[in-house]
Amino acid sequence: VPRSPGCCQGNGLPSADSKSSKATAESLTEPEGPSLGSTSDSEVNGSAISERQADKYGFIGGAQCQNQATEDIPLEVLRQREAKWLEMLNSWDRWMAKKHKKVKFRCQKGIPPSLRGRAWLYLCGGKVKKEQNQGRFQDLDQQFGDPHWVDVIEKDLHRQFPFHEMFMARGGHGQQDLFRVLKAYTLHRPEEGYCQAQAPIAAVLLMHMPAEDAFWGLVQICEKYLPGYYSAGLEAIQLDGEILFALLRRVSPVAHRHLKKHKIDPILYMTEWFMCAFSRTLPWASVLRVWDMFFCEGVKIIFRVGLVLLKCMLGSHEKLKACQGQYETMELLRAVEPRYMQESFLVQQVLELPVSERDIEKEHSVQLRRWKENHGKLDCTSPPRMHGARAILVAEPPKRQDLRQNPTIIVDSPLATKSETPTTEDEEDVQKKKTTEDKQKKQKKKTKSGEEASKKDFLAPVEVPEQIPSQEQMDGSLLKNSTLHSSTQSLSSAEHDTYL
């Protein structure tokens, strides 16, 4: 992945593969490449595109637009899942400590769209980072940034999901926020700078959360989930390519032998997959399901997806008849059959594939030793990789206040009066307090005298306003059957999730 024009040359790639590696890297930024997330400006700015209606993910056209019927979850089931996720988010540390398997299972089933952004931020530890570094993003956002990185970032903005309504307009709010997030990261990690594969990662995050949250999500992905991926030299991605190839020997010996026979280096087909976390490869419904599992379980999900695609495309002798050489094989891997990327099929295959964190770490040790024997010491030393949400939480235990939900939208709801931190005290609040005091007085008098008539006379002048409905009376609400204490905060997910 080029960090600036021509930077793939002399940056740690094996000399024999320099041309092919450069070609692979350039595919991440080529506007007219085969990737699902890229297209030309003329297509985007045409008059026809503005007349089309966006799909439920915000895509107005392009290969990632969901024109065909998708696997919609029944509304009642979706509301139940939302209630369960709201309950988990309100007691996140306890759930992660005592019921992590349940959290993982719910991530595998798919996070509700309305809560996906908030859940991702909690899973990756970005919420804690944000609370522990209050004002950090704002400080970085106000700085000008390195002119070199600013120039490179500006050239990349229009290439990120140009058919998505958030990023279609040049200079629109989506591109502005994308610039802010990427520029802030170059200031946060000046020794690392900017890598073009970070742009689609940040763009996906921005589709689900505000810029500050997306920044901390990007930080966690770059530092915890995929450390070293975006550093100069691409050493980490090359190591993971060798790990992927070694694991393929066990998962699909036929595919492994074919790739080995034609001397197809892993970096030729897996660079974009891994560095962009499949965001420019899979249909959008599948992207979101993969990311749900990725944030919870870590990089093993990315490995599993890659292994499933290789096995499906190259795993039988029948399929290999159509690709007798290196060129034909690469063309096949650039155009994965849609049925193998379909949401339910892909997720099921990923869950059934027996590849664990231990397998990856064991193979990492083997490949690291071989690397040192062939290339010497790594030029870029990265922090250890964290395998998912639980590993991050254990490594950096959060304080309870860092996990508290802070809404940016206050919903006008009967439940709003139950908020733990009310911002204003209007007339309704005063009346409610007065009513409560009167009830307490009534109860005291009841216990003292036992005379009903006098108590009624005592409370006669007080007009009780319409009371807050009970949980049983709210059958149609979002929080049906849930037991939450901070309803205002829970209902304020709209901005965090489809941030358009």
# chains A, B, ... in the order shown; residues from 1 in each chain; ligands from 1
$ residues_around --residues "A:Glu223" --least-positions-apart "2" --cutoff "12 Å" --atoms "only C-alpha atoms" --output "ChimeraX atom specification"
/A:124-126,129,185,188-189,192,216-221,225-231,381-387,392
$ residues_around --residues "stretch 132-139 of chain A" --least-positions-apart "5" --cutoff "10 Å" --atoms "only C-alpha atoms" --output "list in words"
Gly126, Lys127, Arg180, Val181, Ala184, Tyr185, Leu187, His188, Ala211, Glu212, Asp213, Phe215, Trp216, Pro398, Lys399, Gln401 and Asp402 of chain A
$ closest_residue --among "A:Pro112, A:Phe179, A:Ile360, A:Cys222" --to "A:Glu76" --atoms "only C-alpha atoms"
A:Pro112
$ select_by_dssp --residues "stretch 68-109 of chain A" --states "helix (DSSP H, G or I)" --output "short mmCIF file (atom, residue, chain, number, x, y, z; two decimals) with N, CA, C and O atoms, in the first residue's frame"
data_model
loop_
_atom_site.label_atom_id
_atom_site.label_comp_id
_atom_site.auth_asym_id
_atom_site.auth_seq_id
_atom_site.Cartn_x
_atom_site.Cartn_y
_atom_site.Cartn_z
N LEU A 75 -38.93 -7.29 12.44
CA LEU A 75 -38.85 -6.11 13.30
C LEU A 75 -38.93 -6.47 14.78
O LEU A 75 -38.19 -5.90 15.60
N GLU A 76 -39.78 -7.41 15.13
CA GLU A 76 -39.91 -7.79 16.53
C GLU A 76 -38.61 -8.39 17.07
O GLU A 76 -38.19 -8.09 18.19
N VAL A 77 -37.96 -9.22 16.26
CA VAL A 77 -36.68 -9.82 16.65
C VAL A 77 -35.62 -8.73 16.80
O VAL A 77 -34.82 -8.74 17.74
N LEU A 78 -35.65 -7.78 15.87
CA LEU A 78 -34.67 -6.69 15.91
C LEU A 78 -34.83 -5.86 17.18
O LEU A 78 -33.83 -5.49 17.83
N ARG A 79 -36.06 -5.58 17.57
CA ARG A 79 -36.30 -4.81 18.79
C ARG A 79 -35.83 -5.57 20.04
O ARG A 79 -35.29 -4.97 20.97
N GLN A 80 -36.02 -6.87 20.04
CA GLN A 80 -35.54 -7.66 21.16
C GLN A 80 -34.02 -7.63 21.24
O GLN A 80 -33.45 -7.53 22.34
N ARG A 81 -33.36 -7.72 20.09
CA ARG A 81 -31.90 -7.67 20.07
C ARG A 81 -31.38 -6.30 20.53
O ARG A 81 -30.39 -6.20 21.23
N GLU A 82 -32.09 -5.25 20.11
CA GLU A 82 -31.70 -3.91 20.54
C GLU A 82 -31.77 -3.78 22.06
O GLU A 82 -30.86 -3.23 22.69
N ALA A 83 -32.85 -4.31 22.64
CA ALA A 83 -33.00 -4.24 24.10
C ALA A 83 -31.87 -4.99 24.80
O ALA A 83 -31.33 -4.53 25.81
N LYS A 84 -31.50 -6.15 24.27
CA LYS A 84 -30.41 -6.94 24.86
C LYS A 84 -29.08 -6.20 24.76
O LYS A 84 -28.28 -6.20 25.71
N TRP A 85 -28.84 -5.57 23.61
CA TRP A 85 -27.58 -4.84 23.45
C TRP A 85 -27.53 -3.60 24.33
O TRP A 85 -26.47 -3.25 24.88
N LEU A 86 -28.66 -2.93 24.48
CA LEU A 86 -28.69 -1.76 25.37
C LEU A 86 -28.39 -2.18 26.81
O LEU A 86 -27.70 -1.47 27.54
N GLU A 87 -28.92 -3.31 27.20
CA GLU A 87 -28.64 -3.82 28.55
C GLU A 87 -27.15 -4.12 28.71
O GLU A 87 -26.53 -3.79 29.73
N MET A 88 -26.54 -4.73 27.70
CA MET A 88 -25.11 -5.04 27.77
C MET A 88 -24.27 -3.77 27.83
O MET A 88 -23.32 -3.68 28.61
N LEU A 89 -24.60 -2.81 27.01
CA LEU A 89 -23.81 -1.58 26.96
C LEU A 89 -23.89 -0.80 28.28
O LEU A 89 -22.94 -0.11 28.65
N ASN A 90 -25.00 -0.93 28.97
CA ASN A 90 -25.14 -0.23 30.25
C ASN A 90 -24.37 -0.90 31.38
O ASN A 90 -24.15 -0.30 32.43
N TRP A 92 -21.29 -2.85 30.64
CA TRP A 92 -20.35 -3.47 29.71
C TRP A 92 -19.25 -4.25 30.42
O TRP A 92 -18.93 -5.37 30.03
N ASP A 93 -18.66 -3.70 31.46
CA ASP A 93 -17.55 -4.39 32.12
C ASP A 93 -17.99 -5.71 32.74
O ASP A 93 -17.27 -6.71 32.69
N ARG A 94 -19.19 -5.73 33.32
CA ARG A 94 -19.69 -6.97 33.92
C ARG A 94 -19.97 -8.03 32.87
O ARG A 94 -19.68 -9.21 33.06
N TRP A 95 -20.55 -7.61 31.76
CA TRP A 95 -20.85 -8.56 30.70
C TRP A 95 -19.56 -9.13 30.11
O TRP A 95 -19.47 -10.33 29.85
N MET A 96 -18.57 -8.31 29.90
CA MET A 96 -17.31 -8.77 29.31
C MET A 96 -16.56 -9.69 30.28
O MET A 96 -15.87 -10.61 29.87
N ALA A 97 -16.71 -9.44 31.57
CA ALA A 97 -16.00 -10.25 32.57
C ALA A 97 -16.67 -11.59 32.82
O ALA A 97 -16.01 -12.62 32.95
N LYS A 98 -18.02 -11.59 32.86
CA LYS A 98 -18.74 -12.79 33.28
C LYS A 98 -19.52 -13.49 32.18
O LYS A 98 -19.84 -14.67 32.30
N HIS A 100 -18.78 -13.17 28.57
CA HIS A 100 -18.14 -12.84 27.30
C HIS A 100 -18.62 -13.74 26.17
O HIS A 100 -18.77 -13.29 25.02
N LYS A 101 -18.88 -15.00 26.46
CA LYS A 101 -19.35 -15.92 25.42
C LYS A 101 -20.69 -15.46 24.85
O LYS A 101 -20.95 -15.62 23.65
N LYS A 102 -21.53 -14.90 25.71
CA LYS A 102 -22.82 -14.39 25.26
C LYS A 102 -22.63 -13.17 24.36
O LYS A 102 -23.31 -13.03 23.33
N VAL A 103 -21.70 -12.30 24.73
CA VAL A 103 -21.39 -11.14 23.90
C VAL A 103 -20.89 -11.60 22.52
O VAL A 103 -21.32 -11.09 21.48
N LYS A 104 -19.99 -12.57 22.53
CA LYS A 104 -19.44 -13.08 21.27
C LYS A 104 -20.53 -13.70 20.40
O LYS A 104 -20.58 -13.46 19.19
N PHE A 105 -21.42 -14.45 21.03
CA PHE A 105 -22.52 -15.07 20.30
C PHE A 105 -23.42 -14.02 19.67
O PHE A 105 -23.85 -14.16 18.51
N ARG A 106 -23.69 -12.93 20.39
CA ARG A 106 -24.55 -11.88 19.85
C ARG A 106 -23.86 -11.10 18.74
O ARG A 106 -24.52 -10.61 17.82
N CYS A 107 -22.55 -10.98 18.81
CA CYS A 107 -21.80 -10.36 17.71
C CYS A 107 -21.85 -11.24 16.47
O CYS A 107 -21.94 -10.74 15.34
N GLN A 108 -21.79 -12.54 16.66
CA GLN A 108 -21.87 -13.46 15.53
C GLN A 108 -23.24 -13.44 14.88
O GLN A 108 -23.36 -13.60 13.66
N LYS A 109 -24.28 -13.21 15.66
CA LYS A 109 -25.63 -13.10 15.11
C LYS A 109 -25.83 -11.78 14.37
O LYS A 109 -26.74 -11.66 13.55
#
$ closest_residue --among "A:Gln349, A:Thr271, A:Asn374, A:Thr281" --to "A:Ala197" --atoms "only C-alpha atoms"
A:Thr271
$ closest_residue --among "A:Phe303, A:Phe59, A:Phe144, A:Tyr327" --to "A:Leu259" --atoms "only C-alpha atoms"
A:Tyr327
$ residues_around --residues "A:Leu206" --least-positions-apart "4" --cutoff "8 Å" --atoms "only C-alpha atoms" --output "list in words"
Gly174, Asp177, Leu178, Ala202, Pro210, Ala211, Ala214 and Tyr499 of chain A
$ write_last_selection --atoms "all heavy atoms" --output "CSV table (one decimal), in the first residue's frame"
chain,number,residue,atom,x,y,z
A,174,GLY,N,-19.1,14.4,4.6
A,174,GLY,CA,-18.4,13.1,4.8
A,174,GLY,C,-16.9,13.2,4.5
A,174,GLY,O,-16.1,12.6,5.2
A,177,ASP,N,-15.1,15.1,7.3
A,177,ASP,CA,-14.9,14.4,8.5
A,177,ASP,C,-13.8,13.3,8.2
A,177,ASP,O,-13.0,13.0,9.1
A,177,ASP,CB,-16.1,13.7,8.9
A,177,ASP,CG,-17.0,14.6,9.7
A,177,ASP,OD1,-16.6,15.8,10.0
A,177,ASP,OD2,-18.2,14.3,10.0
A,178,LEU,N,-13.8,12.7,7.0
A,178,LEU,CA,-12.7,11.7,6.7
A,178,LEU,C,-11.4,12.4,6.7
A,178,LEU,O,-10.4,11.8,7.3
A,178,LEU,CB,-13.0,11.1,5.3
A,178,LEU,CG,-12.0,10.0,4.9
A,178,LEU,CD1,-12.0,8.9,5.9
A,178,LEU,CD2,-12.4,9.5,3.5
A,202,ALA,N,-11.3,4.2,8.0
A,202,ALA,CA,-11.9,5.4,8.6
A,202,ALA,C,-13.3,5.7,8.1
A,202,ALA,O,-14.2,6.1,8.8
A,202,ALA,CB,-11.0,6.6,8.5
A,210,PRO,N,-19.7,9.6,14.9
A,210,PRO,CA,-19.1,10.9,14.7
A,210,PRO,C,-17.6,10.8,14.5
A,210,PRO,O,-17.0,9.8,14.8
A,210,PRO,CB,-19.5,11.7,16.0
A,210,PRO,CG,-20.6,10.9,16.6
A,210,PRO,CD,-20.4,9.5,16.2
A,211,ALA,N,-17.0,11.9,14.1
A,211,ALA,CA,-15.6,12.0,13.7
A,211,ALA,C,-14.7,11.6,14.9
A,211,ALA,O,-13.7,10.8,14.8
A,211,ALA,CB,-15.3,13.3,13.2
A,214,ALA,N,-14.9,7.9,15.5
A,214,ALA,CA,-14.2,7.2,14.4
A,214,ALA,C,-12.7,7.3,14.5
A,214,ALA,O,-12.0,6.4,14.2
A,214,ALA,CB,-14.6,7.8,13.1
A,499,TYR,N,-24.4,8.0,10.9
A,499,TYR,CA,-24.0,9.4,11.1
A,499,TYR,C,-24.0,10.1,9.8
A,499,TYR,O,-22.9,10.3,9.2
A,499,TYR,CB,-22.6,9.4,11.8
A,499,TYR,CG,-22.2,10.8,12.2
A,499,TYR,CD1,-23.0,11.5,13.1
A,499,TYR,CD2,-21.1,11.4,11.7
A,499,TYR,CE1,-22.6,12.8,13.5
A,499,TYR,CE2,-20.7,12.7,12.0
A,499,TYR,CZ,-21.5,13.4,13.0
A,499,TYR,OH,-21.1,14.6,13.3
$ atom_distance --atom1 "atom CA of A:Leu123" --atom2 "atom CA of A:Trp291"
10.9 Å
$ atom_distance --atom1 "atom CA of A:Glu235" --atom2 "atom CA of A:Cys380"
7.4 Å
$ closest_residue --among "A:Tyr340, A:Tyr57, A:Trp149, A:Trp120" --to "A:Lys183" --atoms "only C-alpha atoms"
A:Trp149
$ atom_distance --atom1 "atom CA of A:Gly298" --atom2 "atom CA of A:Ala389"
7.3 Å
$ closest_residue --among "A:Lys56, A:Lys377, A:Lys224, A:Arg339" --to "A:Ala395" --atoms "only C-alpha atoms"
A:Lys224
$ closest_residue --among "A:Ile243, A:Ile302, A:Leu248, A:Ala199" --to "A:Val152" --atoms "only C-alpha atoms"
A:Ala199
$ residues_around --residues "A:Pro147" --least-positions-apart "6" --cutoff "12 Å" --atoms "only C-alpha atoms" --output "ChimeraX atom specification"
/A:153-154,183,186-187,193-194
$ residues_around --residues "A:Leu353" --least-positions-apart "5" --cutoff "9 Å" --atoms "only C-alpha atoms" --output "list in words"
Val251, Arg304, Leu307, Val308 and Gln348 of chain A
